[in-house]
>>> print(open('work.txt').read())   # compact mmCIF, C-alpha atoms and all ligand atoms
# COMPACT_ATOMS: atom_id res chain seq x y z
CA VAL P 1 -75.24 -11.56 3.25
CA HIS P 2 -73.22 -9.39 0.92
CA SER P 3 -73.70 -5.69 1.36
CA VAL P 4 -74.63 -4.08 -1.93
CA ARG P 5 -72.40 -1.30 -3.15
CA LYS P 6 -74.31 1.33 -5.02
CA VAL P 7 -72.71 2.02 -8.40
CA PHE P 8 -72.85 5.53 -9.82
CA LYS P 9 -72.21 5.99 -13.52
CA ILE P 10 -70.14 9.11 -14.06
CA ALA P 11 -69.41 10.71 -17.43
CA CYS P 12 -66.02 12.40 -17.26
CA ILE P 13 -65.24 15.17 -19.75
CA PRO P 14 -61.68 16.38 -19.04
CA GLY P 15 -61.64 18.89 -21.94
CA ASP P 16 -58.53 20.98 -22.56
CA GLY P 17 -55.37 22.24 -20.89
CA ILE P 18 -55.31 21.88 -17.12
CA GLY P 19 -58.85 20.44 -17.34
CA VAL P 20 -57.17 17.16 -18.24
CA ASP P 21 -54.79 17.21 -15.24
CA ILE P 22 -57.35 18.17 -12.66
CA ALA P 23 -60.05 15.79 -13.93
CA GLU P 24 -57.57 12.93 -13.70
CA ALA P 25 -56.70 14.01 -10.17
CA ALA P 26 -60.40 14.18 -9.21
CA VAL P 27 -61.06 10.69 -10.57
CA GLN P 28 -58.14 9.35 -8.53
CA VAL P 29 -59.49 10.97 -5.36
CA LEU P 30 -63.07 9.83 -5.97
CA ARG P 31 -61.83 6.26 -6.47
CA LYS P 32 -59.90 6.43 -3.20
CA LEU P 33 -62.91 7.89 -1.38
CA SER P 34 -65.31 5.17 -2.57
CA GLU P 35 -62.76 2.47 -1.76
CA ARG P 36 -62.49 3.71 1.83
CA VAL P 37 -66.20 4.33 2.43
CA GLY P 38 -67.16 1.05 0.83
CA SER P 39 -70.90 1.59 0.35
CA PHE P 40 -70.69 3.06 -3.15
CA GLU P 41 -68.45 3.04 -6.19
CA PHE P 42 -68.00 5.07 -9.34
CA ASP P 43 -68.04 3.72 -12.85
CA PHE P 44 -66.30 6.38 -14.96
CA THR P 45 -66.65 6.76 -18.73
CA THR P 46 -64.33 9.34 -20.29
CA PHE P 47 -65.41 11.44 -23.26
CA ASP P 48 -62.63 13.16 -25.18
CA TRP P 49 -64.69 16.17 -26.22
CA SER P 50 -61.98 18.79 -26.49
CA SER P 51 -60.66 21.58 -28.65
CA ARG P 52 -58.01 19.19 -30.00
CA LYS P 53 -60.76 16.84 -31.20
CA TYR P 54 -62.71 19.78 -32.58
CA LYS P 55 -59.77 20.75 -34.80
CA GLU P 56 -59.68 17.22 -36.11
CA LEU P 57 -63.41 16.47 -36.46
CA GLY P 58 -65.22 19.83 -36.59
CA TYR P 59 -67.36 19.18 -33.52
CA TYR P 60 -67.04 18.77 -29.78
CA ILE P 61 -69.95 16.54 -28.76
CA HIS P 62 -70.40 13.80 -31.34
CA PRO P 63 -73.56 14.70 -33.25
CA ASP P 64 -74.51 11.35 -34.80
CA GLY P 65 -73.92 7.60 -34.66
CA PRO P 66 -76.36 5.24 -32.98
CA GLU P 67 -76.79 7.98 -30.38
CA THR P 68 -75.74 11.61 -30.17
CA GLY P 69 -73.31 12.46 -27.42
CA MET P 70 -75.98 14.48 -25.67
CA GLU P 71 -78.35 11.50 -25.56
CA GLU P 72 -75.55 9.35 -24.25
CA LEU P 73 -74.91 11.78 -21.39
CA LYS P 74 -78.49 11.41 -20.18
CA LYS P 75 -77.77 7.83 -19.15
CA PHE P 76 -75.28 8.86 -16.47
CA ASP P 77 -75.91 9.69 -12.83
CA SER P 78 -73.60 12.70 -12.99
CA ILE P 79 -71.15 14.47 -15.23
CA TYR P 80 -67.71 15.53 -14.08
CA PHE P 81 -66.19 18.27 -16.21
CA GLY P 82 -62.64 19.69 -16.34
CA ALA P 83 -62.36 22.82 -18.47
CA VAL P 84 -62.73 23.68 -22.13
CA GLY P 85 -61.01 26.17 -24.43
CA TRP P 86 -57.73 26.48 -26.28
CA PRO P 87 -56.17 29.50 -27.99
CA ASP P 88 -56.52 28.02 -31.51
CA VAL P 89 -60.32 27.87 -31.22
CA PRO P 90 -62.21 31.11 -30.49
CA ASP P 91 -63.64 30.94 -26.95
CA HIS P 92 -67.21 31.56 -28.06
CA ILE P 93 -67.02 28.47 -30.28
CA SER P 94 -65.80 26.12 -27.56
CA LEU P 95 -68.25 27.54 -25.04
CA TRP P 96 -71.23 27.41 -27.41
CA SER P 97 -70.29 23.95 -28.70
CA LEU P 98 -69.78 22.16 -25.44
CA ILE P 99 -70.61 23.59 -22.06
CA LEU P 100 -73.61 25.76 -22.90
CA PRO P 101 -75.41 23.02 -24.92
CA ILE P 102 -74.89 20.56 -22.05
CA ARG P 103 -76.30 23.01 -19.51
CA SER P 104 -79.36 23.74 -21.64
CA SER P 105 -80.05 20.24 -23.02
CA LEU P 106 -79.91 18.79 -19.53
CA SER P 107 -81.98 21.60 -17.97
CA GLN P 108 -79.20 22.52 -15.57
CA TYR P 109 -80.80 25.83 -14.79
CA VAL P 110 -79.01 26.38 -11.48
CA ASN P 111 -75.31 26.98 -11.02
CA VAL P 112 -74.22 26.87 -7.38
CA ARG P 113 -70.85 28.37 -6.49
CA PRO P 114 -69.77 28.15 -2.86
CA THR P 115 -66.81 30.21 -1.69
CA ARG P 116 -65.05 30.21 1.63
CA ILE P 117 -61.51 30.42 2.94
CA LEU P 118 -60.20 26.90 3.42
CA ARG P 119 -58.02 26.11 6.43
CA GLY P 120 -54.40 26.88 5.70
CA THR P 121 -55.22 29.41 2.98
CA SER P 122 -55.89 33.13 3.22
CA SER P 123 -57.68 35.93 1.48
CA PRO P 124 -55.76 38.69 -0.31
CA LEU P 125 -57.97 41.03 1.74
CA SER P 126 -55.98 42.00 4.83
CA ASN P 127 -59.17 42.71 6.79
CA CYS P 128 -60.67 39.30 6.10
CA LYS P 129 -60.52 36.53 8.70
CA PRO P 130 -61.40 32.97 7.62
CA GLY P 131 -64.99 32.97 8.91
CA ASP P 132 -65.69 36.36 7.33
CA LEU P 133 -66.00 35.05 3.83
CA ASP P 134 -68.49 32.21 3.52
CA TRP P 135 -70.78 32.65 0.56
CA ILE P 136 -72.90 30.68 -1.84
CA ILE P 137 -73.50 32.34 -5.17
CA VAL P 138 -76.59 31.01 -6.95
CA ARG P 139 -76.22 31.75 -10.63
CA GLU P 140 -79.08 31.64 -13.13
CA ASN P 141 -77.76 29.16 -15.69
CA SER P 142 -80.25 28.95 -18.54
CA GLU P 143 -81.20 32.35 -19.94
CA GLY P 144 -80.51 36.04 -19.48
CA GLU P 145 -77.46 37.55 -21.09
CA TYR P 146 -76.24 34.17 -22.38
CA ALA P 147 -79.46 33.33 -24.22
CA GLY P 148 -77.65 33.72 -27.52
CA HIS P 149 -80.20 36.04 -29.07
CA GLY P 150 -79.07 38.80 -31.34
CA GLY P 151 -77.13 39.20 -34.50
CA ILE P 152 -75.10 41.42 -36.72
CA THR P 153 -76.65 43.86 -39.16
CA HIS P 154 -74.64 45.13 -42.07
CA ALA P 155 -77.49 47.22 -43.46
CA HIS P 156 -75.68 50.45 -42.78
CA SER P 157 -72.43 50.26 -44.67
CA SER P 158 -70.90 52.99 -42.57
CA ASN P 159 -71.34 51.02 -39.40
CA THR P 160 -71.84 47.48 -38.14
CA VAL P 161 -74.55 46.94 -35.60
CA ALA P 162 -74.41 43.97 -33.24
CA THR P 163 -77.19 43.20 -30.81
CA GLU P 164 -76.86 40.88 -27.86
CA VAL P 165 -80.29 40.46 -26.41
CA SER P 166 -80.85 39.26 -22.85
CA VAL P 167 -83.88 37.05 -22.46
CA PHE P 168 -85.55 36.81 -19.08
CA THR P 169 -88.70 34.81 -18.43
CA ARG P 170 -91.01 34.65 -15.44
CA VAL P 171 -90.54 30.89 -15.22
CA GLY P 172 -86.76 31.20 -15.49
CA ILE P 173 -86.49 33.90 -12.84
CA GLU P 174 -88.95 32.38 -10.43
CA ARG P 175 -87.31 28.96 -10.37
CA ILE P 176 -83.84 30.36 -9.69
CA MET P 177 -85.25 32.75 -7.08
CA ARG P 178 -87.00 29.93 -5.22
CA PHE P 179 -83.86 27.79 -5.36
CA ALA P 180 -81.84 30.68 -3.91
CA PHE P 181 -84.34 31.30 -1.11
CA LYS P 182 -84.31 27.59 -0.22
CA THR P 183 -80.51 27.60 -0.23
CA ALA P 184 -80.46 30.63 2.08
CA GLN P 185 -83.03 28.98 4.33
CA SER P 186 -80.86 25.88 4.70
CA ARG P 187 -77.87 27.87 5.95
CA PRO P 188 -77.33 29.01 9.54
CA ARG P 189 -77.59 32.73 8.80
CA LYS P 190 -80.67 32.48 6.54
CA LYS P 191 -79.65 35.51 4.56
CA LEU P 192 -80.10 36.27 0.84
CA THR P 193 -78.78 39.15 -1.22
CA MET P 194 -80.39 39.61 -4.64
CA VAL P 195 -78.30 41.36 -7.29
CA THR P 196 -79.50 43.20 -10.40
CA LYS P 197 -78.82 46.31 -12.43
CA SER P 198 -82.39 47.52 -12.41
CA ASN P 199 -81.53 51.20 -12.31
CA ALA P 200 -80.11 51.01 -15.83
CA GLN P 201 -81.91 48.04 -17.40
CA ARG P 202 -85.59 48.57 -17.19
CA TYR P 203 -87.27 45.37 -18.42
CA GLY P 204 -85.51 42.15 -17.47
CA MET P 205 -83.90 43.51 -14.32
CA VAL P 206 -87.15 45.09 -13.19
CA LEU P 207 -88.86 41.72 -13.66
CA TRP P 208 -86.18 40.21 -11.38
CA ASP P 209 -87.05 42.80 -8.73
CA LYS P 210 -90.76 42.11 -9.09
CA ILE P 211 -90.44 38.33 -8.79
CA TYR P 212 -88.05 38.69 -5.87
CA ASP P 213 -90.71 40.74 -4.07
CA GLU P 214 -93.34 38.08 -4.78
CA VAL P 215 -91.25 35.07 -3.76
CA LYS P 216 -89.96 36.75 -0.60
CA GLY P 217 -93.42 36.38 0.96
CA ASP P 218 -93.06 32.58 0.95
CA PHE P 219 -89.79 32.69 2.89
CA ALA P 220 -90.56 34.89 5.86
CA ASP P 221 -87.65 33.48 7.90
CA VAL P 222 -85.03 34.55 5.32
CA GLU P 223 -83.43 37.93 5.85
CA THR P 224 -83.12 39.68 2.48
CA ASP P 225 -81.57 42.64 0.77
CA LYS P 226 -81.05 43.91 -2.75
CA MET P 227 -77.91 45.29 -4.41
CA LEU P 228 -76.96 46.76 -7.74
CA VAL P 229 -74.15 44.71 -9.21
CA ASP P 230 -71.64 47.57 -9.30
CA ALA P 231 -72.16 48.36 -5.61
CA MET P 232 -72.05 44.64 -4.91
CA THR P 233 -68.42 44.37 -6.05
CA VAL P 234 -67.49 47.05 -3.53
CA ARG P 235 -69.39 45.33 -0.74
CA MET P 236 -67.76 41.97 -1.46
CA VAL P 237 -64.35 43.57 -0.99
CA LEU P 238 -65.09 45.92 1.92
CA ARG P 239 -67.70 44.01 3.93
CA PRO P 240 -67.40 40.32 3.03
CA GLU P 241 -68.83 39.26 6.42
CA SER P 242 -72.13 40.98 5.61
CA LEU P 243 -72.96 38.49 2.83
CA ASP P 244 -74.14 34.89 2.85
CA THR P 245 -76.27 33.56 -0.04
CA ILE P 246 -76.25 35.63 -3.23
CA VAL P 247 -78.51 35.27 -6.27
CA ALA P 248 -77.76 36.90 -9.63
CA THR P 249 -78.17 36.57 -13.38
CA ASN P 250 -76.05 34.41 -15.64
CA LEU P 251 -73.58 37.19 -16.55
CA HIS P 252 -73.51 39.02 -13.22
CA ALA P 253 -72.98 35.85 -11.21
CA ASP P 254 -70.30 34.68 -13.63
CA ILE P 255 -68.32 37.84 -12.93
CA LEU P 256 -69.06 37.98 -9.20
CA SER P 257 -67.97 34.38 -8.73
CA ASP P 258 -64.54 35.01 -10.28
CA LEU P 259 -64.19 37.92 -7.85
CA ALA P 260 -65.39 35.71 -5.00
CA ALA P 261 -62.86 33.02 -5.93
CA ALA P 262 -60.01 35.51 -6.03
CA LEU P 263 -61.05 36.94 -2.65
CA SER P 264 -61.02 33.46 -1.16
CA GLY P 265 -57.41 32.95 -2.20
CA SER P 266 -57.29 31.71 -5.79
CA ILE P 267 -59.47 30.99 -8.78
CA GLY P 268 -58.03 27.47 -8.55
CA ILE P 269 -60.05 26.72 -5.41
CA ALA P 270 -63.61 27.43 -6.46
CA PRO P 271 -66.12 24.69 -7.35
CA SER P 272 -69.38 24.82 -9.22
CA SER P 273 -72.42 22.60 -9.61
CA ASN P 274 -74.68 22.83 -12.66
CA LEU P 275 -77.90 21.39 -11.30
CA ASP P 276 -81.15 20.14 -12.68
CA PRO P 277 -83.06 20.37 -9.40
CA THR P 278 -85.87 18.16 -10.82
CA ARG P 279 -83.26 15.38 -11.08
CA ASN P 280 -84.72 14.32 -14.44
CA ASN P 281 -81.25 14.82 -15.95
CA PRO P 282 -77.73 14.33 -14.66
CA SER P 283 -76.14 17.37 -13.05
CA MET P 284 -72.62 18.49 -13.89
CA PHE P 285 -69.75 19.42 -11.58
CA GLU P 286 -66.70 21.46 -12.56
CA PRO P 287 -64.21 23.88 -11.07
CA ILE P 288 -65.00 27.46 -12.13
CA HIS P 289 -61.57 28.08 -13.63
CA GLY P 290 -60.78 27.63 -17.31
CA SER P 291 -58.20 25.56 -19.16
CA ALA P 292 -55.37 27.98 -18.21
CA PRO P 293 -53.18 27.53 -21.33
CA ASP P 294 -50.41 29.52 -19.62
CA ILE P 295 -49.79 26.76 -17.07
CA ALA P 296 -51.06 23.73 -18.98
CA GLY P 297 -48.67 20.78 -19.09
CA LYS P 298 -46.51 22.15 -16.27
CA GLY P 299 -48.03 19.98 -13.56
CA ILE P 300 -48.69 22.96 -11.29
CA ALA P 301 -52.46 23.45 -11.69
CA ASN P 302 -54.25 23.74 -8.37
CA PRO P 303 -56.58 20.72 -8.09
CA VAL P 304 -58.47 22.04 -5.03
CA GLY P 305 -61.41 23.44 -7.06
CA ALA P 306 -61.63 20.09 -8.82
CA PHE P 307 -61.67 18.19 -5.50
CA TRP P 308 -64.23 20.54 -3.99
CA SER P 309 -66.40 20.08 -7.12
CA ALA P 310 -66.04 16.32 -6.69
CA ALA P 311 -67.22 16.67 -3.08
CA GLU P 312 -70.26 18.62 -4.28
CA MET P 313 -71.00 15.81 -6.74
CA VAL P 314 -70.80 13.23 -3.96
CA ARG P 315 -73.17 15.39 -1.90
CA TRP P 316 -75.67 15.74 -4.77
CA LEU P 317 -75.62 11.96 -5.24
CA GLY P 318 -76.77 11.63 -1.63
CA MET P 319 -73.58 10.78 0.26
CA GLU P 320 -73.50 13.78 2.59
CA ASN P 321 -71.14 12.24 5.12
CA ALA P 322 -68.62 11.16 2.50
CA ALA P 323 -68.72 14.67 1.01
CA ASP P 324 -68.09 16.26 4.40
CA SER P 325 -65.23 13.86 5.12
CA LEU P 326 -63.65 14.61 1.75
CA MET P 327 -63.75 18.34 2.53
CA THR P 328 -62.23 17.76 5.98
CA CYS P 329 -59.39 15.74 4.42
CA LEU P 330 -58.89 18.41 1.76
CA GLU P 331 -58.61 21.15 4.38
CA ASN P 332 -56.22 19.00 6.41
CA VAL P 333 -54.00 18.93 3.33
CA THR P 334 -54.13 22.69 2.68
CA ASP P 335 -53.66 23.28 6.40
CA SER P 336 -50.49 21.17 6.38
CA GLY P 337 -48.99 23.54 3.79
CA ILE P 338 -49.24 21.19 0.81
CA LYS P 339 -50.44 23.74 -1.72
CA THR P 340 -49.75 24.80 -5.30
CA LYS P 341 -48.00 28.01 -6.29
CA ASP P 342 -51.20 30.07 -6.77
CA LEU P 343 -51.87 29.53 -3.03
CA GLY P 344 -48.34 30.47 -2.08
CA GLY P 345 -47.08 26.89 -1.84
CA SER P 346 -44.61 24.94 -3.94
CA SER P 347 -46.33 21.56 -4.40
CA SER P 348 -47.27 20.08 -7.75
CA THR P 349 -50.76 18.94 -8.78
CA LYS P 350 -49.60 15.38 -8.24
CA GLU P 351 -48.20 16.05 -4.77
CA VAL P 352 -51.45 17.68 -3.60
CA THR P 353 -53.44 14.78 -5.07
CA GLU P 354 -51.28 12.15 -3.42
CA ALA P 355 -51.37 13.99 -0.10
CA LEU P 356 -55.16 14.00 -0.25
CA CYS P 357 -55.32 10.28 -1.06
CA THR P 358 -52.99 9.56 1.87
CA GLU P 359 -55.14 11.71 4.15
CA ILE P 360 -58.30 9.88 3.05
CA GLU P 361 -56.58 6.60 3.90
CA ARG P 362 -55.52 7.93 7.28
CA MET P 363 -58.87 9.45 8.25
CA MET P 364 -61.40 7.03 6.80
P1 LIG L 401 -62.28 30.66 -19.25
O1 LIG L 401 -62.55 31.52 -20.41
O2 LIG L 401 -62.46 29.21 -19.52
O3 LIG L 401 -62.97 31.12 -18.00
P2 LIG L 401 -59.92 32.10 -18.72
O4 LIG L 401 -59.01 32.28 -19.86
O5 LIG L 401 -60.82 33.19 -18.34
O6 LIG L 401 -60.73 30.77 -18.95
P3 LIG L 401 -58.56 30.62 -16.69
O7 LIG L 401 -58.23 29.52 -17.62
O8 LIG L 401 -59.47 30.33 -15.58
O9 LIG L 401 -59.09 31.86 -17.44
O10 LIG L 401 -57.20 31.22 -16.12
C1 LIG L 401 -57.10 32.53 -15.59
C2 LIG L 401 -55.80 32.64 -14.82
O11 LIG L 401 -55.89 31.92 -13.61
C3 LIG L 401 -54.60 32.08 -15.57
O12 LIG L 401 -53.50 32.91 -15.40
C4 LIG L 401 -54.35 30.76 -14.94
O13 LIG L 401 -53.02 30.39 -14.95
C5 LIG L 401 -54.90 30.90 -13.52
N1 LIG L 401 -55.54 29.65 -13.09
C6 LIG L 401 -56.75 29.20 -13.46
N2 LIG L 401 -57.02 28.03 -12.91
C7 LIG L 401 -55.96 27.69 -12.16
C8 LIG L 401 -55.62 26.55 -11.34
N3 LIG L 401 -56.46 25.53 -11.18
N4 LIG L 401 -54.43 26.58 -10.71
C9 LIG L 401 -53.59 27.59 -10.84
N5 LIG L 401 -53.83 28.68 -11.60
C10 LIG L 401 -55.00 28.74 -12.26
MG MG L 402 -62.88 33.09 -17.31
>>> encode(input="work.txt", output="structure tokens")
Amino acid sequence: VHSVRKVFKIACIPGDGIGVDIAEAAVQVLRKLSERVGSFEFDFTTFDWSSRKYKELGYYIHPDGPETGMEELKKFDSIYFGAVGWPDVPDHISLWSLILPIRSSLSQYVNVRPTRILRGTSSPLSNCKPGDLDWIIVRENSEGEYAGHGGITHAHSSNTVATEVSVFTRVGIERIMRFAFKTAQSRPRKKLTMVTKSNAQRYGMVLWDKIYDEVKGDFADVETDKMLVDAMTVRMVLRPESLDTIVATNLHADILSDLAAALSGSIGIAPSSNLDPTRNNPSMFEPIHGSAPDIAGKGIANPVGAFWSAAEMVRWLGMENAADSLMTCLENVTDSGIKTKDLGGSSSTKEVTEALCTEIERMM
């Protein structure tokens, strides 16, 4: 009897700059992992949807043909994403042409961003021991400040008026709140901190507070507290050990997760998962960092965030043990001192990648 290897179809969108290097590294590691575990394999299809292509063709995701790019994506089990953006295309164009349409078309309304200090790395905070910083930021990923509502009014010739309207809905808030409570409940400390700015923003943020109060009743075993986002930045720096699971809006969580990544050692470490919890659509996994034009092409990009994102993808696809093993191997590598410059090491992207592949071979 032949054992059947489950095949997962993965759409890989490397994007721009270091996105290309780290996506290639992640594919190499995922191939090695599946080869060693043996019960599953990945069938990768690469989509060159990048700023370079945009300059040539005028679009990122191909809008026509027998199928639009977005329809094509729906046929995959998961999407692995590098990074998008290049200085010759304004950032709001690349963002609104590629990543935001994917998140909304595929109903990826949750963005999960874990942060902790990996073995062999350290926080820039001198008071912070490894176990002190272990957070999961749950970011609302479908509405709020990034809803794209607003416009520019030239009616008054003496001034230009731009509005950027946040849109919050009961459905949108409640589903992210419930996801965050469930996440908190699944963690040892069962602790959730909800972040708003409801002292200064009196409609959307107050609705967040109200729905938080309602949902809380269904999760009696979760310890909760509320913070204003400005005070939250202070608490993250001064009392990192007091936090566990954090839920915040699209914009607030975007900012807080860059801070979280920096506090855990480098923005190059942090992973993110864009999830459709209904599983009707593929979810998308990407490091939180951007295309980093300043270091692109130098071979020194830190691939750790890309590997961690790959582990989260493996976990979402149901291979918990393989995901855990991948993280153990990854931390064995950082612990052995094989790290890129941003983590205080001197290894190249390639050296870290090869060290991880060797470690997977040794351990699994
Ligand atoms: P985006 O708008 O896509 O978030 P950004 O311009 O805000 O991008 P990044 O591209 O994330 O920012 O880069 C910010 C800084 O962090 C840069 O100086 C970059 O070199 C550094 N950086 C980002 N990712 C990595 C990485 N994987 N390894 C090493 N350094 C990185
Ligand atoms: Mg950024």
>>> closest_residue(input="work.txt", among="P:Asp77, P:Glu223, P:Asp91, P:Glu140", to="ligand MG 402 (chain L)", atoms="all atoms listed in the file")
P:Asp91
>>> residues_around(input="work.txt", residues="Val7 (chain P)", least_positions_apart="3", cutoff="9 Å", atoms="all atoms listed in the file", output="list in words")
Ser39, Phe40, Glu41, Phe42 and Asp43 of chain P
>>> closest_residue(input="work.txt", among="P:Asp16, P:Met177, P:Phe8, P:Asn332", to="His289 (chain P)", atoms="all atoms listed in the file")
P:Asp16
>>> closest_residue(input="work.txt", among="P:Ala261, P:Leu98, P:Ala83, P:Leu330", to="His62 (chain P)", atoms="only C-alpha atoms")
P:Leu98
>>> atom_distance(input="work.txt", atom1="CA of Ser186 (chain P)", atom2="CA of Val237 (chain P)")
24.9 Å
>>> residues_near_ligand(input="work.txt", ligand="ligand MG 402 (chain L)", cutoff="9 Å", atoms="only C-alpha atoms and all ligand atoms", output="compact mmCIF listing (two decimals) with C-alpha atoms, in the coordinates of the input")
# COMPACT_ATOMS: atom_id res chain seq x y z
CA ASP P 254 -70.30 34.68 -13.63
CA ILE P 255 -68.32 37.84 -12.93
CA ASP P 258 -64.54 35.01 -10.28
CA ILE P 288 -65.00 27.46 -12.13
CA HIS P 289 -61.57 28.08 -13.63
CA GLY P 290 -60.78 27.63 -17.31
>>> atom_distance(input="work.txt", atom1="CA of Arg189 (chain P)", atom2="CA of Met232 (chain P)")
19.0 Å
>>> residues_around(input="work.txt", residues="Thr115 (chain P)", least_positions_apart="6", cutoff="9 Å", atoms="only C-alpha atoms", output="mmCIF file with C-alpha atoms, in the frame of the given file")
data_model
loop_
_atom_site.group_PDB
_atom_site.id
_atom_site.type_symbol
_atom_site.label_atom_id
_atom_site.label_comp_id
_atom_site.auth_asym_id
_atom_site.auth_seq_id
_atom_site.Cartn_x
_atom_site.Cartn_y
_atom_site.Cartn_z
ATOM 1 C CA LEU P 133 -66.000 35.050 3.830
ATOM 2 C CA ASP P 134 -68.490 32.210 3.520
ATOM 3 C CA TRP P 135 -70.780 32.650 0.560
ATOM 4 C CA ILE P 136 -72.900 30.680 -1.840
ATOM 5 C CA ILE P 137 -73.500 32.340 -5.170
ATOM 6 C CA SER P 257 -67.970 34.380 -8.730
ATOM 7 C CA ALA P 260 -65.390 35.710 -5.000
ATOM 8 C CA ALA P 261 -62.860 33.020 -5.930
ATOM 9 C CA LEU P 263 -61.050 36.940 -2.650
ATOM 10 C CA SER P 264 -61.020 33.460 -1.160
ATOM 11 C CA ILE P 269 -60.050 26.720 -5.410
ATOM 12 C CA ALA P 270 -63.610 27.430 -6.460
ATOM 13 C CA PRO P 271 -66.120 24.690 -7.350
#
>>> residues_near_ligand(input="work.txt", ligand="ligand LIG 401 (chain L)", cutoff="9 Å", atoms="only C-alpha atoms and all ligand atoms", output="PyMOL selection string")
chain P and resi 17-19+22+83-86+91-92+95+258+266-270+287-296+300-306+340-343+349
>>> closest_residue(input="work.txt", among="P:Asp209, P:Ser242, P:Ala323, P:Asn281", to="Glu71 (chain P)", atoms="all atoms listed in the file")
P:Asn281
>>> decode(input="work.txt", residues="region 107-118 of chain P", atoms="N, CA and C atoms", output="PDB file, in the first residue's frame")
ATOM      1  N   SER P 107     -11.745  37.798   1.500  1.00  0.00           N
ATOM      2  CA  SER P 107     -12.328  37.880   2.855  1.00  0.00           C
ATOM      3  C   SER P 107     -11.340  37.555   3.961  1.00  0.00           C
ATOM      4  N   GLN P 108     -10.111  37.995   3.800  1.00  0.00           N
ATOM      5  CA  GLN P 108      -9.111  37.744   4.842  1.00  0.00           C
ATOM      6  C   GLN P 108      -9.259  38.849   5.892  1.00  0.00           C
ATOM      7  N   TYR P 109     -10.254  38.710   6.722  1.00  0.00           N
ATOM      8  CA  TYR P 109     -10.588  39.808   7.617  1.00  0.00           C
ATOM      9  C   TYR P 109      -9.790  39.800   8.921  1.00  0.00           C
ATOM     10  N   VAL P 110      -8.970  38.769   9.104  1.00  0.00           N
ATOM     11  CA  VAL P 110      -8.114  38.716  10.294  1.00  0.00           C
ATOM     12  C   VAL P 110      -6.650  38.760   9.875  1.00  0.00           C
ATOM     13  N   ASN P 111      -5.874  39.550  10.576  1.00  0.00           N
ATOM     14  CA  ASN P 111      -4.433  39.516  10.380  1.00  0.00           C
ATOM     15  C   ASN P 111      -3.792  39.198  11.730  1.00  0.00           C
ATOM     16  N   VAL P 112      -3.136  38.044  11.802  1.00  0.00           N
ATOM     17  CA  VAL P 112      -2.542  37.607  13.067  1.00  0.00           C
ATOM     18  C   VAL P 112      -1.045  37.853  13.024  1.00  0.00           C
ATOM     19  N   ARG P 113      -0.533  38.520  14.033  1.00  0.00           N
ATOM     20  CA  ARG P 113       0.890  38.855  14.067  1.00  0.00           C
ATOM     21  C   ARG P 113       1.528  38.462  15.398  1.00  0.00           C
ATOM     22  N   PRO P 114       2.088  37.275  15.461  1.00  0.00           N
ATOM     23  CA  PRO P 114       2.765  36.856  16.690  1.00  0.00           C
ATOM     24  C   PRO P 114       4.124  37.547  16.830  1.00  0.00           C
ATOM     25  N   THR P 115       4.511  37.811  18.029  1.00  0.00           N
ATOM     26  CA  THR P 115       5.854  38.356  18.295  1.00  0.00           C
ATOM     27  C   THR P 115       6.407  37.689  19.535  1.00  0.00           C
ATOM     28  N   ARG P 116       7.610  37.195  19.453  1.00  0.00           N
ATOM     29  CA  ARG P 116       8.315  36.810  20.671  1.00  0.00           C
ATOM     30  C   ARG P 116       9.800  36.865  20.384  1.00  0.00           C
ATOM     31  N   ILE P 117      10.601  36.727  21.428  1.00  0.00           N
ATOM     32  CA  ILE P 117      12.048  36.803  21.251  1.00  0.00           C
ATOM     33  C   ILE P 117      12.558  35.395  20.986  1.00  0.00           C
ATOM     34  N   LEU P 118      13.073  35.175  19.796  1.00  0.00           N
ATOM     35  CA  LEU P 118      13.540  33.840  19.423  1.00  0.00           C
ATOM     36  C   LEU P 118      14.850  33.540  20.137  1.00  0.00           C
TER      37      LEU P 118
END
